[in-house]
Structures are given as structure tokens and as C-alpha cells.
Amino acid sequence: MGTFILENVLGLQICDQDLVAAERLRERGYFVSMHVCNSLDFGVPQDRKRIYFLGAKVKLFPPGMTNERWDRACQEVWAKVEQGHAIQELDQFLLSEDHPVVQERFTKYREIARDIVAGRRKVPEGDEPIMDFDSAKWVFKHKRKKFNAPRSIYKPSLADTAPEFVVQPDRVRELFDHLNLQFPDPSSRVINFSQTDATGAQVSAPVFGTITPKGTFYVSGRCRFSPGVEKLQLQCIAAPPSLHSQFTETQLSDFAGNSFNGACVTAAMVVLWTVLGRLATWDSFTQCTQPQPSATSASESSGHDSFAAGQSSVCVHSRDWLSVLD
């Protein structure tokens, strides 16, 4: 393998494991550069920080090339590609409310919510989640927090406007009350039930937290939880409606949580190949300016032909990279 892009969570920095990994790669003959990349830096409304390792085989470069030079060049290009990206509106990444996936979920939970409001069905207990995530976990954490929040009072209208709220266990709904949500909420806040903070859930402006496997997000402005197809879109992965019929909600959410973010990976590729092209072109040019013995005709010693030889040398470098990658 001539070049590589590796990605991992920030937890790799604990006990300097990221430095250990980079050193192991260098011992195997690679130049390595590390950079913490956040999808927010590229306009994606998801706060997802990951460590990216960019590497290239030492043998791809002429003698004198150093890891320090490789890292410095990578960081310079990272700084440029991260500039000037305004965070996009969250609605551009969310499914429309008339989307088949959203409509299917709404119809399903509306019927359940109507039964609960009418007394034909009990509110689920903590160990009986109706939604596609483990409500019991949040009930336990909520009890431990001992919030002094009033219990939600069911209103008939909520079954038709916020059914995914109605079907939650009491303690989960109390957690919603503690956050002073409205239905719909004008702030369009995103509540992250994946990784808790002191209040039991992370709440942000119209920006998703890090999408994780089995991660759960409530979009207050839409009065619903985010389906797996939507999470894939926030990872910049094309998600046609047919995916929803081919995979379960849990499978789609896990796939989204375990995926690279498309914007960050694209940026990493741009950085990698830009630096490779820059260093290879410069090194090839310096080699071509030195006198080279030639067995061809004397006409190749002219300035024009020397420049052509330099271009040929660059092409050879490119072929070397491709042959190693093959």
C-alpha cells in the first residue's frame, strides 16, 4: 500500500495511543501526519471530531525527504481546506415531513399514541420501550438524577402532533419536560440521547452531536426522532428510500454511526493528494535540473527538451504511486 487514510475516535489520544500508532506506522516505512477533523468545519451540521492519519510510503520520495516536512505540508493544506465553510441549514439534511419513511413512522406511533391517550394502552415502563432505542437506560439515569420536573400531562392533540413523545415512558417524558420543550419547539434544538451530560441529555442548537451506533436524536422542531436514513445523510452518504425497506432501523443507525463522514474523508483525500502532488513535482523538478547522462540524440539536451524530460519524470512518479496502490 503506497498511501493510506486512517480515521479513529478522539479516545485514541488517551495515554497517547495516537502517537504510539503513528510511530508504529513510521517504523513500517511510512511518513505519517495526524489531524483532528470536525465535520462542522466543512459545513455539515454534525459535531463529529475524529483523528485522521495521512500516510505515504517513504520510498515514494527521493532521499532527503523527512516526516517533519510531510507533516508540515499536510497541516498547511488542512488549514486551507477548512476555511470558509458556513454551517448549512439542518433542514437541508433532514427528510421532508411527507417523505415515505417519516410518514410510515408517524402513522405507526400516532396509532399507539392515540391508544395511550384514550386509555386503551398503558404508558410503556422503562423496560418496555416502544421506540427503536433502549428507553430503560434513560429511565435508570433519570431516576438517578432525581429531577424535580413535573410529569407530562397528556393532551389529546399531542397524539397527532408529537406521537413519538407520547409513546415514551414517564421518566423519559419527564426528561423532556426538564428541558422545557414545546411541541413543536421554535428553537429546533437537537437532543442527543446517545451520550449524556449532567442533565441526562446533550442539547444543542440546530446541530447534531456525534452520530454513534444506536445513537438517538430528537429534533424538537419536527417533534420526532431522527430515522437511520436521515443519520446517513448527515454523514454525507446517499440514502435512497429503498434502504429503509431493505434494512432495519437499528441496522441503518449502526451503519451511520460506524461510517466515515463523507465531507471529512473527501477533505482528507484532497489534502493527501495535494501534498503528494506538490512534493513529487518539486522533487522531480530538482532531479531533472541536474545533468543526466543520456543515450539518446543530442537534440534532447536543449532547454525545451529538458523541460519535457522533467514532465516525463513527474509522470513516472505518478505511475509509481499507482503501481504500489495496485
# chains A, B, ... in the order shown; residues from 1 in each chain; ligands from 1
>>> residues_around(residues="Val265 (chain A)", least_positions_apart="2", cutoff="10 Å", atoms="only C-alpha atoms", output="list in words")
Ile5, Leu6, Glu7, Cys37, Ser39, Tyr52, Phe260, Asn261, Gly262, Ala263, Ala267, Ala268, Met269, Val270 and Val271 of chain A
>>> atom_distance(atom1="CA of Val219 (chain A)", atom2="CA of Leu232 (chain A)")
15.4 Å
>>> select_by_dssp(residues="region 11-193 of chain A", states="strand (DSSP E or B)", output="number ranges by chain")
A: 30-38, 46, 49-57, 190-192
>>> closest_residue(among="A:Asn38, A:Thr161, A:Gln13, A:Ser242", to="Arg222 (chain A)", atoms="only C-alpha atoms")
A:Thr161
>>> residues_around(residues="Pro240 (chain A)", least_positions_apart="6", cutoff="12 Å", atoms="only C-alpha atoms", output="PyMOL selection string")
chain A and resi 95+99-101+228-230+232-233+246-247+252
>>> write_last_selection(atoms="N, CA and C atoms", output="short mmCIF file (atom, residue, chain, number, x, y, z; two decimals), in the first residue's frame")
data_model
loop_
_atom_site.label_atom_id
_atom_site.label_comp_id
_atom_site.auth_asym_id
_atom_site.auth_seq_id
_atom_site.Cartn_x
_atom_site.Cartn_y
_atom_site.Cartn_z
N LEU A 95 -35.12 14.75 6.32
CA LEU A 95 -36.15 14.32 5.40
C LEU A 95 -37.36 15.24 5.53
N HIS A 99 -42.04 12.68 3.46
CA HIS A 99 -41.20 11.58 2.97
C HIS A 99 -41.80 10.25 3.42
N PRO A 100 -41.76 9.22 2.59
CA PRO A 100 -42.36 7.92 2.96
C PRO A 100 -41.85 7.37 4.28
N VAL A 101 -40.57 7.51 4.56
CA VAL A 101 -40.01 6.99 5.81
C VAL A 101 -40.60 7.72 7.00
N GLY A 228 -32.80 6.34 10.74
CA GLY A 228 -31.47 5.96 10.28
C GLY A 228 -31.09 6.55 8.94
N VAL A 229 -32.06 6.63 8.02
CA VAL A 229 -31.78 7.20 6.70
C VAL A 229 -31.31 8.65 6.83
N GLU A 230 -31.90 9.37 7.76
CA GLU A 230 -31.53 10.77 7.99
C GLU A 230 -30.12 10.88 8.55
N LEU A 232 -27.72 8.83 7.99
CA LEU A 232 -26.81 8.58 6.87
C LEU A 232 -26.58 9.86 6.06
N GLN A 233 -27.64 10.62 5.86
CA GLN A 233 -27.49 11.87 5.12
C GLN A 233 -26.60 12.85 5.86
N GLN A 246 -34.99 -2.35 3.03
CA GLN A 246 -34.01 -3.43 2.95
C GLN A 246 -33.32 -3.70 4.30
N PHE A 247 -33.30 -2.69 5.17
CA PHE A 247 -32.60 -2.84 6.45
C PHE A 247 -33.50 -2.34 7.58
N LEU A 252 -29.57 0.56 10.07
CA LEU A 252 -29.24 1.82 9.41
C LEU A 252 -28.55 2.78 10.37
#
>>> residues_around(residues="region 24-30 of chain A", least_positions_apart="5", cutoff="9 Å", atoms="only C-alpha atoms", output="mmCIF file with N, CA and C atoms, in the first residue's frame")
data_model
loop_
_atom_site.group_PDB
_atom_site.id
_atom_site.type_symbol
_atom_site.label_atom_id
_atom_site.label_comp_id
_atom_site.auth_asym_id
_atom_site.auth_seq_id
_atom_site.Cartn_x
_atom_site.Cartn_y
_atom_site.Cartn_z
ATOM 1 N N GLY A 2 0.713 2.107 -0.999
ATOM 2 C CA GLY A 2 1.566 3.280 -1.109
ATOM 3 C C GLY A 2 1.139 4.437 -0.248
ATOM 4 N N THR A 3 -0.173 4.636 -0.110
ATOM 5 C CA THR A 3 -0.702 5.722 0.714
ATOM 6 C C THR A 3 -1.883 5.199 1.523
ATOM 7 N N LEU A 19 -0.168 8.741 19.245
ATOM 8 C CA LEU A 19 1.263 8.876 18.968
ATOM 9 C C LEU A 19 1.927 7.522 18.804
ATOM 10 N N GLY A 55 -0.857 9.056 5.420
ATOM 11 C CA GLY A 55 0.475 8.482 5.291
ATOM 12 C C GLY A 55 0.852 8.129 3.866
ATOM 13 N N ALA A 56 2.153 8.076 3.619
ATOM 14 C CA ALA A 56 2.685 7.690 2.307
ATOM 15 C C ALA A 56 3.999 6.955 2.515
ATOM 16 N N LYS A 57 4.256 5.983 1.682
ATOM 17 C CA LYS A 57 5.487 5.213 1.764
ATOM 18 C C LYS A 57 6.714 6.112 1.577
ATOM 19 N N VAL A 58 7.706 5.906 2.423
ATOM 20 C CA VAL A 58 8.944 6.686 2.330
ATOM 21 C C VAL A 58 9.596 6.499 0.963
ATOM 22 N N LYS A 59 9.494 5.300 0.388
ATOM 23 C CA LYS A 59 10.178 5.007 -0.875
ATOM 24 C C LYS A 59 9.580 5.763 -2.061
ATOM 25 N N ASN A 67 9.797 13.174 7.696
ATOM 26 C CA ASN A 67 8.431 13.141 8.209
ATOM 27 C C ASN A 67 7.986 14.534 8.648
#
>>> residues_around(residues="Glu164 (chain A)", least_positions_apart="3", cutoff="12 Å", atoms="only C-alpha atoms", output="VMD selection string")
chain A and resid 102 105 to 114 116 129 to 133 158 to 161 167 to 169 172 to 173 176 183 217 to 220 222 to 227
>>> atom_distance(atom1="CA of Ser33 (chain A)", atom2="CA of Cys74 (chain A)")
6.8 Å
>>> residues_around(residues="region 41-50 of chain A", least_positions_apart="6", cutoff="7 Å", atoms="only C-alpha atoms", output="list in words")
Glu7, Asn8, Val9, Leu10, Glu82, His85, Ala86, Ile87, Gln88, Leu90, Val207, Phe208, Gly209, Thr210, Leu234 and Ala263 of chain A
>>> atom_distance(atom1="CA of Pro186 (chain A)", atom2="CA of Phe93 (chain A)")
18.1 Å
>>> closest_residue(among="A:Asp71, A:Asp18, A:Asp98, A:Glu89", to="Ile51 (chain A)", atoms="only C-alpha atoms")
A:Asp18
>>> residues_around(residues="Pro206 (chain A)", least_positions_apart="2", cutoff="6 Å", atoms="only C-alpha atoms", output="PyMOL selection string")
chain A and resi 188-190
>>> select_by_dssp(residues="region 32-266 of chain A", states="helix (DSSP H, G or I)", output="ChimeraX atom specification")
/A:39-42,58-60,67-81,90-92,100-117,135-145,158-161,163-166,170-178,228-234,242-246,249-257,262-266
